[in-house]
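Enquirer: Please find one structure pasted underneath; my questions will follow.
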Amino acid sequence: MTALLQVEDLHVTYRGSTGAVPAVRGVDLRLERGRTLALVGESGSGKTSIGRAVLGLHPRGVRQRGSITLDGTELLGLPAPAWRKIRGRRLALIPQDPLAGLNPVHPIGRQVAEVLVRHRLAKGAEAREQAVQALAEAGLEDAERRYGAFPHELSGGQRQRVLIAIAIVARPELIIADEPTSALDVTVQKQILDRLALLTAELGTSMLLITHDLALAADRADEVAVLADGALVELLSGSDLLHSARTPAAQHLAAAAPTLDSPALIPPPANPAPVETVPLVAAHDVQVVFPGRGVREDVRALDGVSLAVRPRESVGIVGESGSGKSTLARVLLGLQAPTAGRAEVLGVDQGRRLGRAERRAARRAVQPVFQDPYSSFDPRRTIGASIAEPLGALTRIGRRGQARRVAELMDQVRLPATAAGRRPRELSGGQLQRAAIARALAVSPQLVVADEAVSALDVSVQAQVLQLLARLHQEQDLALVFISHDLAVVRQVSTRVLVMRAGRVVEQGPTAEVLTSPTTEYTRALIEAVPGRTPTGERR
Amino acid sequence: MLRYVLRRLVQALIVLWGAVTVSFAVLQLTPGDPVRIMLGGAGDAAAAASPEQVAALRAELGLDLPLWQQYLDFLGRVLTGDLGTAYSTGQPVTAEIAQALPVTVELGVAAIATSVVAALVFALLGVLLPGAGLRSLFQSVTVLGVAMPSFWVAIVALQLFSFRLGWFPAFGSDGVVAVVLPALAMAVLTAGTLAQVLTRGLKDALTEPYADTARAKGLSEVRVVLGHALRNASLPVFTMVGMMVGGVLGGAAIVETIFGRQGVGQLFVEAVRAHDFPLIQALIILTGGVFVLVTLAVDLLYPLIDPRVVAPYRSGRTGGVDLTARTEVA
Amino acid sequence: MTGTDIDLVRLPALEPGAADPPAAAAESTGRGRFSRLRGWLSAPGALVSAVFLLLVLCWAAVPGLLAPFDPVSDLDSAAAMAGPSSQHWFGTDPLGRDVYSRVVHGSRLSMLAAGLAVTISVTAGAVLGVLAGYVGRWLDSLLMRTVDVLVAIPGLLLSMVVVSMLGFGVVNVAVAVGVAGIPGFARIMRAETLRILSRPYLDAARTSGLGHVAIMVRHVLPNASGALAVLAALELGGAILAVSALSFLGFGAVPPTPEWGALVNDGRGYIASAWWLTALPGAVIAATVIAINRLSREIGVVQR
């Protein structure tokens, strides 16, 4: 019997400004009916290019070679009219970004019904009825009433459900889900993936799941194809992915992927600083309200948050989007003044009118590492100049001393010395994040606040940056505040954790304790939503 | 929705008030003595005006009063529709404008309608035609439209179609035929600008993920463009057309002068030539007023084509997710 | 091969969310500047534009060397009103003056006036925009509402109003065009400033202890300069058009001084009989503006 989808020796080559750029180099895949095959890999591994090739979405000029057959029909080189009969009807796509994936100016119901109308499966009231049904199947509550709603009136999770409805409404044989949940919070991600699993099982649909998240692939796929540099590294079952990979490349990836089982990089402190020590930073009942402008309402980003970070501590802050965790980071860094409450650095209230010396002392004590490595460097300045910037502004070190210190810092974060003369766009994300850490360390701060500092990085790079932070914490007695949406990451580098939700701290305590016996329903939901836990309740 | 409308109304009123104030300021900020400039025409005969004449005109313009009183008087007169007397002709300013306005409205409507249609055609062909060569040909033609001086286009058109071919009358504002050439000459620039913005918007929209969603539904590229990309791409064009309606008077100044049409544009040129400050002031208020009214209309119609503008939360890429995602958790 | 045939402008971000571009790409950017230079020189449109603009600039710099005749005093009444020929490339006017020479000499005044106009627009617009964006609050509201009001009056009319206040003449025309361009630049500069202020590297600069002035000088201005340069180049084309339009209406150069817009105006009376008097100088204006617009696009590419 032929497989539903068979990919043989697929090559995809882009035409770049400097010549041909191969994205996929001879990949073979096979997907049976009713099964889920995951394509995993880091950025540049070619997983998305394969997905687009299967859907025939590559623009002209992208060279494709090999064979892709759907139930025996060759798809490569299919003329446009034939493609139109297949796309949407037999093959469907669930795209990555739930906001950008929907047309902002059309009501959602119409976008679902459009599939039926185009393929002449239904029209008018009947199409509407089927679309409402698909929306309900995708888990959108109140589908009938929301038929005329516009995308911006829905939450991210609801939008993703609309995209799922678009994909399933014509009952396709194969769904290509390209990072279907990476823009969503973990709890929403879990709901969406559960619903998708239920639907594909019910309808007997096959799924090609494209994801960077190995734990997620392990949870959700029957089979996993691990890709690297456009080539297939290993094909194995989902349950083997995290612990029983055979090839070194796949093992390396699996080891780097953070799960709730991966080993902590920072052990609990042997001799914690006594409670009486003056905290490095402290927030006392801090509120931050962003006044709404025009028709928008006020946003209460922080609603009475208290926190004290003592020397040599490593504190993690987790929360989903909108929880206020980044606003808290900005308050601790002195980038955002509290609307009410008090923020202190080294015991000095930052709300008062501070003298120049006091302000500099606070800046020297606390330094940041931000999320996006590319935008946290001035694109016009060299890396060396950026790292030296705090030295020039906060210390009296002369030019030559600065250069020496920059070299020393770059050595510490294991950056090649040549990188000092480069501009940000000439470095990789991982290298830039190391440079960001070097810049933070320049004035020898006592505390580094890292706001989603590894979220934009591939897992293997992420692991290296986390190890670097852990090493600095231990070797230099550097205190850390590590902020992330990802519990698995926070767990690796934090000995104490705060869980935030809607501008409040809902739970806090030693990391191990909070994770093993959470006291609030919310924390429990968060933990359960993290993919890749071994004692799973509902592994398929 | 009501708050949106009210906000736009208040903004429109502020800009309108600002335009009136600018027009008041013209007389105040003119270096030297505006009265002498008016009496002297180009300036060298200024000495010839007798002191009595100067004093009389000064009193007529109210320039002998304290500044605040001048301003209040001016506002009061604008509100009652009394914009004074055109110095160069002795006619009431409002009568002059009322006479010229229909001529320009006819020209403006024709020019803008032509540009919108032309822009649509060029932009759509520029993304839909098969073959990259043809597409880029249509795209680069629009560059010419933006770069050609409108007075030159008008003159060349006149040479070609009126004198060489004799298809259209060269001068005057009588009849429908007379509006064709001036409207075309004016439309070249606006059509080029609109077509460029629209082409850009279409290209951007076609790379958006929702375009892929549409393609993945099995839609043909034509349907993706017409059904999904076009509406999103026309959002900025809609605003621009609004601004162009206000800008018509600028283009009209040149085209009407060349084709000898007695419209508002030509009136403006003559007023500047004659240093007829009352007429200039009135024309500033007129253009400002037209601009404000049209942009207000555009703003109020905008929610019909882009439902996002009246939303309590304008969804940014993540903003929308941020604020509402938590409802999913509970 | 597929149903899609969109332009290849959107060449691949190989994978979404890419944070680590392939090392090869990172390494090659050292040579990037040169290959890009070679790239746009190989684009024929850009090359032709550059050569033509260089020619116009030479006209403006040393018109006496490049024009075969004196633009004012060489009256060849025998050859008056003659069409283009090998001797008079652009023909002659009713007084028998060589039109080509008048265009060459006219370029100086036109380019200088346009340059002055852009300088005024850019300087004033940039200062106002940066102030509005950086200081914010009431100053922002005040400046931007004022800009709204000025935008409500079409640029050409606004220049005409200014000319009526200042008096006629090329310098006044240039000032007027410059003033009319200020609102646009102020808006762009404000938007750029706000964009840069919201970038994470500005947060990093603040936590590095930089003061307002240092942030402005080291980060805001250099990063805004790219967008400003592109816009200034485009505006130069616009200013040439506006200056020549005002001259065409008779507010600018006083005859017999040659200036592009004035040349077209001079020929207006003879459109039925001597097409070259208007068509050829006008074509030079159009070609110059096209060349400038084309090159401003290249500046945009190089900046990126």
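Ordered as shown in the structure tokens, chains take letters A, B, and onward, while each chain numbers its residues from 1 and ligands are numbered from 1 in the order shown.
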Please return, as JSON, numbers by chain, all residues of chain B lying within 7 Å of chain C when only C-alpha atoms are considered.
Expert: {"B": [15, 18, 19, 30, 31, 144, 147, 148, 149, 151, 152, 156, 159, 163, 220, 221, 246, 247, 250, 272, 275, 284, 287, 288, 291, 292]}
Enquirer: Running DSSP on the backbone, which parts of segment 122-356 of chain A land in strand (DSSP E), as a PyMOL selection string?
Expert: chain A and resi 174-178+206-211+223-228+231-237+281-290+299-309+314-319+340-345+348-349
Enquirer: What are the nearest atom pairs, with distances in Å to one decimal, for all residues of chain A that come at most 8 Å from chain C, using only C-alpha atoms, set out by chain and rising residue number as CSV?
Expert:
```
residue,atom,partner,partner_atom,distance
A:Tyr14,CA,C:Pro12,CA,7.2
A:Arg15,CA,C:Leu11,CA,7.6
A:Gly16,CA,C:Leu11,CA,7.0
A:Ala23,CA,C:Leu14,CA,7.1
A:Ser43,CA,C:Ala18,CA,5.2
A:Gly44,CA,C:Glu15,CA,5.6
A:Ser45,CA,C:Glu15,CA,7.8
A:Gly46,CA,C:Glu15,CA,7.0
A:Lys47,CA,C:Glu15,CA,7.6
A:Thr48,CA,C:Glu15,CA,6.0
A:Ser49,CA,C:Leu14,CA,7.3
A:Gly56,CA,C:Thr2,CA,5.8
A:Leu57,CA,C:Thr4,CA,6.8
A:His58,CA,C:Thr2,CA,7.2
A:Pro59,CA,C:Thr4,CA,5.6
A:Arg60,CA,C:Asp5,CA,5.8
A:Gly61,CA,C:Leu8,CA,7.4
A:Leu76,CA,C:Met1,CA,7.4
A:Gly77,CA,C:Met1,CA,4.8
A:Leu78,CA,C:Met1,CA,6.2
A:Pro79,CA,C:Met1,CA,6.0
A:Ala80,CA,C:Gly3,CA,4.2
A:Pro81,CA,C:Gly3,CA,7.4
A:Trp83,CA,C:Gly3,CA,7.0
A:Arg84,CA,C:Gly3,CA,7.6
A:Leu333,CA,C:Thr207,CA,7.1
A:Gly334,CA,C:Thr207,CA,7.7
A:Leu335,CA,C:Asp203,CA,7.2
A:Arg360,CA,C:Gly209,CA,6.6
A:Arg363,CA,C:Thr207,CA,5.9
A:Gln367,CA,C:Thr207,CA,6.5
A:Pro368,CA,C:Ala204,CA,7.1
A:Phe370,CA,C:Pro200,CA,7.2
A:Asp372,CA,C:Pro200,CA,7.9
A:Ser375,CA,C:Pro200,CA,5.8
A:Ser376,CA,C:Tyr201,CA,3.9
A:Phe377,CA,C:Tyr201,CA,4.9
A:Asp378,CA,C:Tyr201,CA,5.7
A:Pro379,CA,C:Asn223,CA,7.9
A:Arg380,CA,C:Asn223,CA,7.0
A:Glu389,CA,C:Ser208,CA,6.4
A:Pro390,CA,C:Ser208,CA,4.2
A:Leu391,CA,C:Ser208,CA,7.8
A:Ala393,CA,C:Gly209,CA,5.5
A:Leu394,CA,C:Gly209,CA,6.0
A:Arg425,CA,C:Ala26,CA,7.5
A:Glu426,CA,C:Ala26,CA,4.8
A:Leu427,CA,C:Ala26,CA,6.0
A:Ser428,CA,C:Asp20,CA,4.7
A:Gly429,CA,C:Ala19,CA,4.9
A:Gly430,CA,C:Asp20,CA,6.6
A:Ala456,CA,C:Ala19,CA,6.3
A:Leu457,CA,C:Ala19,CA,5.6
A:Asp458,CA,C:Ala19,CA,7.0
```
Enquirer: Within 9 Å of Met111 of chain C, counting only C-alpha atoms, which residues qualify if same-chain residues fewer than 2 places away don't, as a PyMOL selection string?
Expert: chain C and resi 56-57+60+106-109+113-116+236+240
Enquirer: Go ahead and save the residues from that selection, with all heavy atoms, as a PDB file, in the first residue's frame.
Expert:
```
ATOM      1  N   VAL C  56      24.646  66.660 -14.921  1.00  0.00           N
ATOM      2  CA  VAL C  56      23.895  67.848 -14.500  1.00  0.00           C
ATOM      3  C   VAL C  56      24.700  68.641 -13.470  1.00  0.00           C
ATOM      4  O   VAL C  56      24.745  69.872 -13.504  1.00  0.00           O
ATOM      5  CB  VAL C  56      22.519  67.441 -13.930  1.00  0.00           C
ATOM      6  CG1 VAL C  56      21.815  68.644 -13.326  1.00  0.00           C
ATOM      7  CG2 VAL C  56      21.655  66.832 -15.029  1.00  0.00           C
ATOM      8  N   LEU C  57      25.343  67.898 -12.552  1.00  0.00           N
ATOM      9  CA  LEU C  57      26.138  68.585 -11.532  1.00  0.00           C
ATOM     10  C   LEU C  57      27.311  69.329 -12.190  1.00  0.00           C
ATOM     11  O   LEU C  57      27.663  70.431 -11.770  1.00  0.00           O
ATOM     12  CB  LEU C  57      26.650  67.592 -10.492  1.00  0.00           C
ATOM     13  CG  LEU C  57      25.558  67.066  -9.546  1.00  0.00           C
ATOM     14  CD1 LEU C  57      26.117  66.032  -8.579  1.00  0.00           C
ATOM     15  CD2 LEU C  57      24.912  68.217  -8.770  1.00  0.00           C
ATOM     16  N   ALA C  60      26.066  72.463 -13.619  1.00  0.00           N
ATOM     17  CA  ALA C  60      25.834  73.465 -12.579  1.00  0.00           C
ATOM     18  C   ALA C  60      27.157  74.055 -12.096  1.00  0.00           C
ATOM     19  O   ALA C  60      27.251  75.238 -11.785  1.00  0.00           O
ATOM     20  CB  ALA C  60      25.063  72.851 -11.423  1.00  0.00           C
ATOM     21  N   GLY C 106      21.047  77.244 -16.750  1.00  0.00           N
ATOM     22  CA  GLY C 106      19.922  77.260 -15.816  1.00  0.00           C
ATOM     23  C   GLY C 106      20.055  76.235 -14.709  1.00  0.00           C
ATOM     24  O   GLY C 106      19.510  76.411 -13.615  1.00  0.00           O
ATOM     25  N   SER C 107      20.819  75.171 -14.982  1.00  0.00           N
ATOM     26  CA  SER C 107      20.910  74.105 -13.977  1.00  0.00           C
ATOM     27  C   SER C 107      21.520  74.626 -12.684  1.00  0.00           C
ATOM     28  O   SER C 107      21.153  74.186 -11.599  1.00  0.00           O
ATOM     29  CB  SER C 107      21.735  72.938 -14.528  1.00  0.00           C
ATOM     30  OG  SER C 107      23.034  73.394 -14.839  1.00  0.00           O
ATOM     31  N   ARG C 108      22.435  75.606 -12.789  1.00  0.00           N
ATOM     32  CA  ARG C 108      23.085  76.100 -11.582  1.00  0.00           C
ATOM     33  C   ARG C 108      22.057  76.663 -10.609  1.00  0.00           C
ATOM     34  O   ARG C 108      21.957  76.239  -9.466  1.00  0.00           O
ATOM     35  CB  ARG C 108      24.108  77.168 -11.932  1.00  0.00           C
ATOM     36  CG  ARG C 108      24.581  77.937 -10.714  1.00  0.00           C
ATOM     37  CD  ARG C 108      25.735  78.829 -11.024  1.00  0.00           C
ATOM     38  NE  ARG C 108      26.969  78.058 -11.081  1.00  0.00           N
ATOM     39  CZ  ARG C 108      28.161  78.626 -11.283  1.00  0.00           C
ATOM     40  NH1 ARG C 108      28.255  79.910 -11.492  1.00  0.00           N
ATOM     41  NH2 ARG C 108      29.244  77.881 -11.284  1.00  0.00           N
ATOM     42  N   LEU C 109      21.222  77.586 -11.123  1.00  0.00           N
ATOM     43  CA  LEU C 109      20.231  78.230 -10.269  1.00  0.00           C
ATOM     44  C   LEU C 109      19.219  77.207  -9.735  1.00  0.00           C
ATOM     45  O   LEU C 109      18.874  77.203  -8.553  1.00  0.00           O
ATOM     46  CB  LEU C 109      19.513  79.312 -11.082  1.00  0.00           C
ATOM     47  CG  LEU C 109      19.072  80.562 -10.332  1.00  0.00           C
ATOM     48  CD1 LEU C 109      20.206  81.080  -9.477  1.00  0.00           C
ATOM     49  CD2 LEU C 109      18.624  81.620 -11.334  1.00  0.00           C
ATOM     50  N   ALA C 113      18.907  76.336  -5.823  1.00  0.00           N
ATOM     51  CA  ALA C 113      17.648  76.634  -5.139  1.00  0.00           C
ATOM     52  C   ALA C 113      17.078  75.378  -4.501  1.00  0.00           C
ATOM     53  O   ALA C 113      16.650  75.384  -3.331  1.00  0.00           O
ATOM     54  CB  ALA C 113      16.653  77.241  -6.122  1.00  0.00           C
ATOM     55  N   ALA C 114      17.096  74.258  -5.250  1.00  0.00           N
ATOM     56  CA  ALA C 114      16.568  73.016  -4.700  1.00  0.00           C
ATOM     57  C   ALA C 114      17.398  72.577  -3.495  1.00  0.00           C
ATOM     58  O   ALA C 114      16.865  72.139  -2.476  1.00  0.00           O
ATOM     59  CB  ALA C 114      16.565  71.933  -5.770  1.00  0.00           C
ATOM     60  N   GLY C 115      18.729  72.725  -3.613  1.00  0.00           N
ATOM     61  CA  GLY C 115      19.600  72.344  -2.499  1.00  0.00           C
ATOM     62  C   GLY C 115      19.314  73.172  -1.264  1.00  0.00           C
ATOM     63  O   GLY C 115      19.195  72.639  -0.152  1.00  0.00           O
ATOM     64  N   LEU C 116      19.153  74.476  -1.452  1.00  0.00           N
ATOM     65  CA  LEU C 116      18.840  75.339  -0.317  1.00  0.00           C
ATOM     66  C   LEU C 116      17.515  74.931   0.311  1.00  0.00           C
ATOM     67  O   LEU C 116      17.392  74.812   1.550  1.00  0.00           O
ATOM     68  CB  LEU C 116      18.779  76.799  -0.783  1.00  0.00           C
ATOM     69  CG  LEU C 116      18.326  77.817   0.269  1.00  0.00           C
ATOM     70  CD1 LEU C 116      19.305  77.836   1.429  1.00  0.00           C
ATOM     71  CD2 LEU C 116      18.202  79.216  -0.342  1.00  0.00           C
ATOM     72  N   LEU C 236      14.913  66.164  -2.650  1.00  0.00           N
ATOM     73  CA  LEU C 236      15.665  66.987  -3.605  1.00  0.00           C
ATOM     74  C   LEU C 236      14.956  66.982  -4.953  1.00  0.00           C
ATOM     75  O   LEU C 236      14.786  68.028  -5.587  1.00  0.00           O
ATOM     76  CB  LEU C 236      17.093  66.458  -3.742  1.00  0.00           C
ATOM     77  CG  LEU C 236      18.005  67.299  -4.631  1.00  0.00           C
ATOM     78  CD1 LEU C 236      18.204  68.673  -4.037  1.00  0.00           C
ATOM     79  CD2 LEU C 236      19.351  66.615  -4.833  1.00  0.00           C
ATOM     80  N   ILE C 240      13.239  70.229  -6.751  1.00  0.00           N
ATOM     81  CA  ILE C 240      13.498  70.681  -8.123  1.00  0.00           C
ATOM     82  C   ILE C 240      12.181  70.944  -8.844  1.00  0.00           C
ATOM     83  O   ILE C 240      11.996  71.964  -9.507  1.00  0.00           O
ATOM     84  CB  ILE C 240      14.340  69.630  -8.885  1.00  0.00           C
ATOM     85  CG1 ILE C 240      15.748  69.589  -8.302  1.00  0.00           C
ATOM     86  CG2 ILE C 240      14.376  69.944 -10.369  1.00  0.00           C
ATOM     87  CD1 ILE C 240      16.630  68.537  -8.924  1.00  0.00           C
TER      88      ILE C 240
END
```
Enquirer: So the first atom is atom CA of Gly51 of chain A and the second is atom CA of Asp9 of chain A; what is the distance between them in Å, to one decimal place?
Expert: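 We find that atom CA of Gly51 of chain A and atom CA of Asp9 of chain A lie 14.5 Å from each other.
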Enquirer: Env of Gln6 of chain A: 6 Å cut, atoms = only C-alpha atoms, seq-sep filter 2 positions within chain, self excluded. Answer as a list of chain:residue names.
Expert: A:Leu29, A:Arg30, A:Ile68, A:Thr69
Enquirer: Check segment 182-298 of chain B with DSSP on the backbone and list each residue it calls alpha helix (DSSP H), as a ChimeraX atom specification.
Expert: /B:182-207,209-216,221-223,230-259,264-273,277-298
